[in-house]
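For reference, the structure is listed below as structure tokens.
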Protein chains: 2
Amino acid sequence: MKEYRPAGAVIASELGAIAGAENVIFDDFDKMEPYSHDEVSDRNYSRMPEIVVRPDSAGQVSAILKLANRENIPVTPRGAGSGLSGGAVPARGGIVLSTERMNRVLEIDRENLIAVLEPGVITNDFNTLVRREGLFFAGYPMSLEVCFIGGNAAENAGGGRAVKYGVTGRYITGLEVVLPTGEICTFGGKRVKDVTGYNMVQLMVGSEGTLGIFTKIYVKLLPLPRAGIDMMVLFADVRSAINAVPLIMTKTGIVPTGIEFMDKVSLDTTCEFLGEKKRHREAGAVLIIELDGNDPDLIRNECLDIGDLCLDNGALDAFVAEGPSDREKIWKVRRHAAEAFKAISPEQSVEDIVVPVSKIPALIPILEELSAKHNVIIPCYGHAGDGNMHATVVKKPGESMESWRKTLPLVLREMYTQVGELGGTISGEHGIGHKRKDYLPIVLGEAEIGAMKKIKVALDPNNILNPGKIFDLD
Amino acid sequence: MKEYRPAGAVIASELGAIAGAENVIFDDFDKMEPYSHDEVSDRNYSRMPEIVVRPDSAGQVSAILKLANRENIPVTPRGAGSGLSGGAVPARGGIVLSTERMNRVLEIDRENLIAVLEPGVITNDFNTLVRREGLFFAGYPMSLEVCFIGGNAAENAGGGRAVKYGVTGRYITGLEVVLPTGEICTFGGKRVKDVTGYNMVQLMVGSEGTLGIFTKIYVKLLPLPRAGIDMMVLFADVRSAINAVPLIMTKTGIVPTGIEFMDKVSLDTTCEFLGEKKRHREAGAVLIIELDGNDPDLIRNECLDIGDLCLDNGALDAFVAEGPSDREKIWKVRRHAAEAFKAISPEQSVEDIVVPVSKIPALIPILEELSAKHNVIIPCYGHAGDGNMHATVVKKPGESMESWRKTLPLVLREMYTQVGELGGTISGEHGIGHKRKDYLPIVLGEAEIGAMKKIKVALDPNNILNPGKIFDLD
């Protein structure tokens, strides 16, 4: 494996000359510790950086990368650290480059419905800002209260509205990006269409900070729909809830904004975490179905159609929420599921498997068998409408840590293999990072991974930028 | 510049062993001539292939590419040949690989709303097929009656519905692709979300046949909207029509399916070509506005809102077409504009400039000044709603060919420079090919082009696949 040079006091001082000494953290454990992990709970995926630097401009980012290439020191870019695959963790040590100071909304171009943001803008803050003007950014990761737009783009974040709106990448029309070797490039811009050479924008989006560091992001905005309805549909058990998911779209012809799923354990755990009363204790699973549009009557009718279909297919009951506070109640539970599980059990692995929507019913017995066979709990919640489920493998209280450490990789390998056989893959929105890189060959062949590696080597010949993520080069 | 080996009888015989002798065309001018050009009218961009081969499978494509690498012979993939930038032309000679025999619809997966197609399927045939099932493919190039889905994907075709639906790439969820060195890869699939490594699907889409040859294409389908309305709005002159375009979206909050534009010359020329009577001789320009949705009343109201806005902003009159035959009449004129101009004047260059939508009004005086300064005609039509205009530079009848040959590059260079200054680019949907490659540095810097070249070299080290397109490596 490639050897890097340790980054010490001399490098820290050079970084200070680039970004200002007050924006360099060195030799200070307490201040550096928050930069050593993301939201992956297993601390085996954490690593302390040698230096943290917080540049303020593309020029500074470029200078840092040139220095790193010259000195052979790895650089790991970092947004809010809310990722779930280790993307922002300095897996090979070296420098963490935090984008937290690049947090300006540079432009909201109302005529072209495009905003230009720096990477450190918090997604929710941005949406609050544009909502006032009757606009919205359709990227909707569950961590939107904390995550940065730069991280959303780097991970190609998905979330709850992808059924109708697609994932983050669809709304990124341009990027200013510093390449691993330090060149500052602009790809795309405010154009709706652009076939000028390769689609570098979408190659960069989702590249998990391994192909470039984004310093400006062009985000497409949409007119804010004038009406929205959420519906919580209760089912007696997981299978009947999941079986209803593909039916909703194929039988009604309606494409909801989102169809979220939570099983009983997820629901109970999250309600308890939030101190909220669960409305219907007899429910074994719920679907949360979101509809939006400009005509309240139309979506109310769509809501009724979907409700009827669910009731014809085993639903126990359905609640409709139209006002902002009722809607927020429904969503709050779903949005805090990951956090609730983390609080309860640090010995767990939030998974992000995705299958073709029609295969969701086939996924449930697989998870049930795995959990019985390996004596683990696998609660499940997620974005059922797009086939993306956060099955979470949790250690049982009685199990020893030693046994858990042995069991988890077996469970994951079997889960991923079966997901692959269903035409699915190991990550829908959280990314590969270093958490899943060993499992990549389960779903991608040598030729596919080989092509990706060739691109990485071509753009980052010294393997300076976020090494040890997605795959190892050496 | 790199030297290639000529492809002679021995190679033809080897290709026959791979794909069947009956699928190899060699030493037959008349049969090879159709493979020497696309729809670019200037025959300076044509070149005869040395051999044409029509493989039937990914395995055969792979064998052909391995042979070509071994023998140092360029391979140019070709769909229907309806492109407008020379993408399918063997600019450096060698082998043309036609996908015409790979024309099967392999699967229509109704549950997941995804179809799997071979590249040689005609776009319109496919849409006719899925329309029967209440579905549609939202990619909508103007050449849909002839173009292949493989070419749509390779060029990332746009068309008239991109305002609402985006371009072809949004609907490509997976590709089986043969890399330039012959490896058969599958990227993506039937998943709505997928962040398993780099977004190779979108890197391949729009790469103009320079990074891989597509052998299977996974296409996302949408439920066919139950209602649609087209509206033709007449304006006294170009400027008032164009000024209305950004207003439609910003003032009404409605995102139409498409907003097409034709100036007087385009309208007259196309109506004459089709033998159709132009309904309103006093119109100096028209907008064709398309709306679709599931609620006829809602889109009728939207149509009225837009009509009122146009009439308040200088429109002379508006016609609404709701039935299929009336709608087809409106669209037929727009769809045949390129063909009409080609029939009238072969000395012309169909351009594909694109600017941010708000800059469309600023584009018109630029074109007027260019046409006066250089004594050329520049009729203009196109997808005004997404800023993509097919300004077409046409030789005046009295002008000599010598002067035309000198003038055209000057006009293009000035046009592209000013489009770049407006935040636009030189191609929105037709591609760079070899027609525009000399002009690429006007809108992309050295670092941006350099990054693209590195990717090309990484995946095609011998520069075998479609050399001489987008940029030259040597």
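Following the order of the structure tokens, chains are lettered A, B, ..., residues in each are numbered from 1, and ligands are numbered from 1.
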Exercise for the section: Write down, as a PyMOL selection string, each residue of chain A that has any atom within 7 Å of an atom of chain B, counting only C-alpha atoms. Expected result: chain A and resi 111-112+183+185+190-200+202-203+206-207+223+246+250+253+354-358+386+424+426-429+431-432+447-448+451-452+454-455+458-459+470
Exercise for the section: Tell me which protein, DNA and RNA residues are within 9 Å of Ala283 (chain A), counting only C-alpha atoms, leaving out same-chain ones fewer than 5 positions away, and put them as a list of chain:residue names. Expected result: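 That gives A:Leu234, A:Phe235, A:Ala236, A:Asp237, A:Asp263, A:Lys264, A:Leu316.
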Keeping only N, CA and C atoms, write those residues as a PDB file, in the first residue's frame.
ATOM      1  N   LEU A 234     -51.603   2.755   7.888  1.00  0.00           N
ATOM      2  CA  LEU A 234     -51.188   1.726   8.839  1.00  0.00           C
ATOM      3  C   LEU A 234     -51.509   0.343   8.296  1.00  0.00           C
ATOM      4  N   PHE A 235     -50.588  -0.552   8.439  1.00  0.00           N
ATOM      5  CA  PHE A 235     -50.782  -1.945   8.032  1.00  0.00           C
ATOM      6  C   PHE A 235     -50.527  -2.849   9.233  1.00  0.00           C
ATOM      7  N   ALA A 236     -51.144  -4.048   9.191  1.00  0.00           N
ATOM      8  CA  ALA A 236     -50.966  -4.979  10.308  1.00  0.00           C
ATOM      9  C   ALA A 236     -49.539  -5.516  10.350  1.00  0.00           C
ATOM     10  N   ASP A 237     -48.937  -5.693   9.176  1.00  0.00           N
ATOM     11  CA  ASP A 237     -47.599  -6.252   9.159  1.00  0.00           C
ATOM     12  C   ASP A 237     -46.787  -5.685   7.998  1.00  0.00           C
ATOM     13  N   ASP A 263     -40.980  -0.043   9.723  1.00  0.00           N
ATOM     14  CA  ASP A 263     -41.556  -1.218  10.373  1.00  0.00           C
ATOM     15  C   ASP A 263     -41.834  -0.888  11.853  1.00  0.00           C
ATOM     16  N   LYS A 264     -42.408  -1.866  12.561  1.00  0.00           N
ATOM     17  CA  LYS A 264     -42.875  -1.603  13.936  1.00  0.00           C
ATOM     18  C   LYS A 264     -41.729  -1.165  14.859  1.00  0.00           C
ATOM     19  N   LEU A 316     -54.955  -1.088   7.502  1.00  0.00           N
ATOM     20  CA  LEU A 316     -55.892  -1.018   8.626  1.00  0.00           C
ATOM     21  C   LEU A 316     -56.588   0.330   8.673  1.00  0.00           C
TER      22      LEU A 316
END
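Of the residues under consideration (B:Pro324, B:Gly275, B:Gly228, B:Gly151), B:Gly228 shows the shortest atom-to-atom contact distance to Gly293 (chain B) when counting only C-alpha atoms.
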Exercise for the section: Please report, as a PyMOL selection string, each residue of region 182-252 of chain B to which DSSP assigns strand (DSSP E) when run on this structure's backbone. Expected result: chain B and resi 184-188+213-220+222-223+227-235
Handout entry: Atomic separation - CA of Val394 (chain A) relative to CA of Ile364 (chain A), Å
Key =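 Here the two named atoms are 16.2 Å from each other.
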Practice task
Can you work out the spacing between CA of Lys342 (chain B) and CA of Arg43 (chain B) in Å, to one decimal?
Solution key: 12.5 Å
Practice task
Could you check which of A:Glu399, A:Asp230, A:Glu260, A:Glu282 is closest to Ser325 (chain A), using only C-alpha atoms?
Solution key: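 So, comparing all the options, the nearest one is A:Asp230.
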Exercise for the section: Apply DSSP to the backbone of this structure and, from region 203-355 of chain A, keep only the residues in alpha helix (DSSP H); write these as a PyMOL selection string. Expected result: chain A and resi 203-204+238-252+264-274+296-312+324-335+337-344
Fewer than 5 positions away in the same chain doesn't count, so skip those; otherwise give me all residues within 9 Å of Lys216 (chain A), counting only C-alpha atoms, as a PDB file with all heavy atoms, in the first residue's frame.
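Written file, result-v6.pdb:
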ATOM      1  N   ALA A  58     -11.681  28.905  -3.639  1.00  0.00           N
ATOM      2  CA  ALA A  58     -11.144  27.914  -4.572  1.00  0.00           C
ATOM      3  C   ALA A  58      -9.632  28.048  -4.680  1.00  0.00           C
ATOM      4  O   ALA A  58      -8.908  27.052  -4.769  1.00  0.00           O
ATOM      5  CB  ALA A  58     -11.795  28.072  -5.942  1.00  0.00           C
ATOM      6  N   LEU A 106     -24.209  32.596  -3.000  1.00  0.00           N
ATOM      7  CA  LEU A 106     -23.621  33.639  -3.835  1.00  0.00           C
ATOM      8  C   LEU A 106     -24.654  34.337  -4.704  1.00  0.00           C
ATOM      9  O   LEU A 106     -24.525  35.502  -5.022  1.00  0.00           O
ATOM     10  CB  LEU A 106     -22.516  33.033  -4.724  1.00  0.00           C
ATOM     11  CG  LEU A 106     -21.355  32.389  -3.957  1.00  0.00           C
ATOM     12  CD1 LEU A 106     -20.415  31.689  -4.927  1.00  0.00           C
ATOM     13  CD2 LEU A 106     -20.594  33.440  -3.149  1.00  0.00           C
ATOM     14  N   VAL A 116     -26.502  29.820  -6.964  1.00  0.00           N
ATOM     15  CA  VAL A 116     -25.088  29.459  -6.913  1.00  0.00           C
ATOM     16  C   VAL A 116     -24.658  29.516  -5.444  1.00  0.00           C
ATOM     17  O   VAL A 116     -24.785  30.548  -4.797  1.00  0.00           O
ATOM     18  CB  VAL A 116     -24.229  30.410  -7.771  1.00  0.00           C
ATOM     19  CG1 VAL A 116     -22.793  29.916  -7.818  1.00  0.00           C
ATOM     20  CG2 VAL A 116     -24.805  30.539  -9.174  1.00  0.00           C
ATOM     21  N   LEU A 117     -24.209  28.389  -4.949  1.00  0.00           N
ATOM     22  CA  LEU A 117     -23.898  28.252  -3.529  1.00  0.00           C
ATOM     23  C   LEU A 117     -22.464  27.814  -3.326  1.00  0.00           C
ATOM     24  O   LEU A 117     -21.902  27.095  -4.147  1.00  0.00           O
ATOM     25  CB  LEU A 117     -24.771  27.150  -2.889  1.00  0.00           C
ATOM     26  CG  LEU A 117     -26.264  27.130  -3.173  1.00  0.00           C
ATOM     27  CD1 LEU A 117     -26.900  25.961  -2.432  1.00  0.00           C
ATOM     28  CD2 LEU A 117     -26.877  28.418  -2.734  1.00  0.00           C
ATOM     29  N   GLU A 118     -21.915  28.195  -2.207  1.00  0.00           N
ATOM     30  CA  GLU A 118     -20.676  27.577  -1.764  1.00  0.00           C
ATOM     31  C   GLU A 118     -21.017  26.254  -1.081  1.00  0.00           C
ATOM     32  O   GLU A 118     -22.155  26.034  -0.658  1.00  0.00           O
ATOM     33  CB  GLU A 118     -19.931  28.533  -0.831  1.00  0.00           C
ATOM     34  CG  GLU A 118     -19.369  29.735  -1.594  1.00  0.00           C
ATOM     35  CD  GLU A 118     -18.460  30.610  -0.751  1.00  0.00           C
ATOM     36  OE1 GLU A 118     -18.673  30.700   0.480  1.00  0.00           O
ATOM     37  OE2 GLU A 118     -17.543  31.206  -1.315  1.00  0.00           O
ATOM     38  N   PRO A 119     -20.033  25.354  -0.958  1.00  0.00           N
ATOM     39  CA  PRO A 119     -20.365  23.994  -0.503  1.00  0.00           C
ATOM     40  C   PRO A 119     -20.813  23.902   0.944  1.00  0.00           C
ATOM     41  O   PRO A 119     -21.512  22.956   1.315  1.00  0.00           O
ATOM     42  CB  PRO A 119     -19.057  23.227  -0.713  1.00  0.00           C
ATOM     43  CG  PRO A 119     -17.988  24.259  -0.742  1.00  0.00           C
ATOM     44  CD  PRO A 119     -18.614  25.476  -1.348  1.00  0.00           C
ATOM     45  N   GLY A 150     -22.669  20.859  -0.229  1.00  0.00           N
ATOM     46  CA  GLY A 150     -21.484  20.265  -0.845  1.00  0.00           C
ATOM     47  C   GLY A 150     -21.425  18.766  -0.618  1.00  0.00           C
ATOM     48  O   GLY A 150     -21.099  17.992  -1.518  1.00  0.00           O
ATOM     49  N   GLY A 174     -24.199  22.782 -12.526  1.00  0.00           N
ATOM     50  CA  GLY A 174     -22.829  23.228 -12.745  1.00  0.00           C
ATOM     51  C   GLY A 174     -22.022  23.125 -11.473  1.00  0.00           C
ATOM     52  O   GLY A 174     -22.575  23.076 -10.370  1.00  0.00           O
ATOM     53  N   LEU A 175     -20.715  23.054 -11.627  1.00  0.00           N
ATOM     54  CA  LEU A 175     -19.810  22.953 -10.475  1.00  0.00           C
ATOM     55  C   LEU A 175     -18.534  23.737 -10.768  1.00  0.00           C
ATOM     56  O   LEU A 175     -17.978  23.631 -11.863  1.00  0.00           O
ATOM     57  CB  LEU A 175     -19.394  21.488 -10.233  1.00  0.00           C
ATOM     58  CG  LEU A 175     -20.411  20.509  -9.669  1.00  0.00           C
ATOM     59  CD1 LEU A 175     -19.829  19.097  -9.707  1.00  0.00           C
ATOM     60  CD2 LEU A 175     -20.817  20.883  -8.251  1.00  0.00           C
ATOM     61  N   GLU A 176     -18.084  24.494  -9.794  1.00  0.00           N
ATOM     62  CA  GLU A 176     -16.684  24.896  -9.805  1.00  0.00           C
ATOM     63  C   GLU A 176     -16.000  23.878  -8.919  1.00  0.00           C
ATOM     64  O   GLU A 176     -16.412  23.658  -7.783  1.00  0.00           O
ATOM     65  CB  GLU A 176     -16.501  26.304  -9.244  1.00  0.00           C
ATOM     66  CG  GLU A 176     -15.044  26.747  -9.241  1.00  0.00           C
ATOM     67  CD  GLU A 176     -14.867  28.087  -8.537  1.00  0.00           C
ATOM     68  OE1 GLU A 176     -14.795  28.087  -7.274  1.00  0.00           O
ATOM     69  OE2 GLU A 176     -14.799  29.118  -9.218  1.00  0.00           O
ATOM     70  N   VAL A 177     -14.980  23.227  -9.459  1.00  0.00           N
ATOM     71  CA  VAL A 177     -14.385  22.112  -8.739  1.00  0.00           C
ATOM     72  C   VAL A 177     -12.862  22.217  -8.849  1.00  0.00           C
ATOM     73  O   VAL A 177     -12.340  22.572  -9.909  1.00  0.00           O
ATOM     74  CB  VAL A 177     -14.930  20.772  -9.301  1.00  0.00           C
ATOM     75  CG1 VAL A 177     -14.748  20.676 -10.802  1.00  0.00           C
ATOM     76  CG2 VAL A 177     -14.298  19.564  -8.638  1.00  0.00           C
ATOM     77  N   THR A 186     -14.449  24.914 -14.131  1.00  0.00           N
ATOM     78  CA  THR A 186     -15.891  25.113 -14.075  1.00  0.00           C
ATOM     79  C   THR A 186     -16.530  24.218 -15.120  1.00  0.00           C
ATOM     80  O   THR A 186     -16.203  24.293 -16.301  1.00  0.00           O
ATOM     81  CB  THR A 186     -16.263  26.585 -14.339  1.00  0.00           C
ATOM     82  OG1 THR A 186     -15.686  27.382 -13.302  1.00  0.00           O
ATOM     83  CG2 THR A 186     -17.771  26.768 -14.315  1.00  0.00           C
TER      84      THR A 186
END
Handout entry: Residue contacts of Asp308 (chain B) (10 Å, only C-alpha atoms) excluding same-chain residues fewer than 6 positions away, as a list in words
Key =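 Contacts, in chain order: Glu302, Ala315 and Ala318 of chain B.
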Would you export the selected residues with all heavy atoms as a PDB file, in the first residue's frame, please?
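Writing the result to part19.pdb gives the following:
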ATOM      1  N   GLU B 302     -54.200  26.610 -17.083  1.00  0.00           N
ATOM      2  CA  GLU B 302     -52.807  27.047 -17.248  1.00  0.00           C
ATOM      3  C   GLU B 302     -52.614  27.674 -18.624  1.00  0.00           C
ATOM      4  O   GLU B 302     -51.921  28.677 -18.784  1.00  0.00           O
ATOM      5  CB  GLU B 302     -51.863  25.858 -17.071  1.00  0.00           C
ATOM      6  CG  GLU B 302     -51.776  25.362 -15.620  1.00  0.00           C
ATOM      7  CD  GLU B 302     -50.824  24.176 -15.434  1.00  0.00           C
ATOM      8  OE1 GLU B 302     -50.503  23.487 -16.430  1.00  0.00           O
ATOM      9  OE2 GLU B 302     -50.406  23.941 -14.296  1.00  0.00           O
ATOM     10  N   ALA B 315     -48.428  39.698 -27.755  1.00  0.00           N
ATOM     11  CA  ALA B 315     -48.873  38.668 -28.697  1.00  0.00           C
ATOM     12  C   ALA B 315     -50.041  39.207 -29.531  1.00  0.00           C
ATOM     13  O   ALA B 315     -50.851  40.002 -29.049  1.00  0.00           O
ATOM     14  CB  ALA B 315     -49.292  37.414 -27.946  1.00  0.00           C
ATOM     15  N   ALA B 318     -53.611  33.846 -30.319  1.00  0.00           N
ATOM     16  CA  ALA B 318     -53.191  32.543 -29.806  1.00  0.00           C
ATOM     17  C   ALA B 318     -54.188  31.479 -30.257  1.00  0.00           C
ATOM     18  O   ALA B 318     -55.402  31.722 -30.245  1.00  0.00           O
ATOM     19  CB  ALA B 318     -53.094  32.573 -28.294  1.00  0.00           C
TER      20      ALA B 318
END
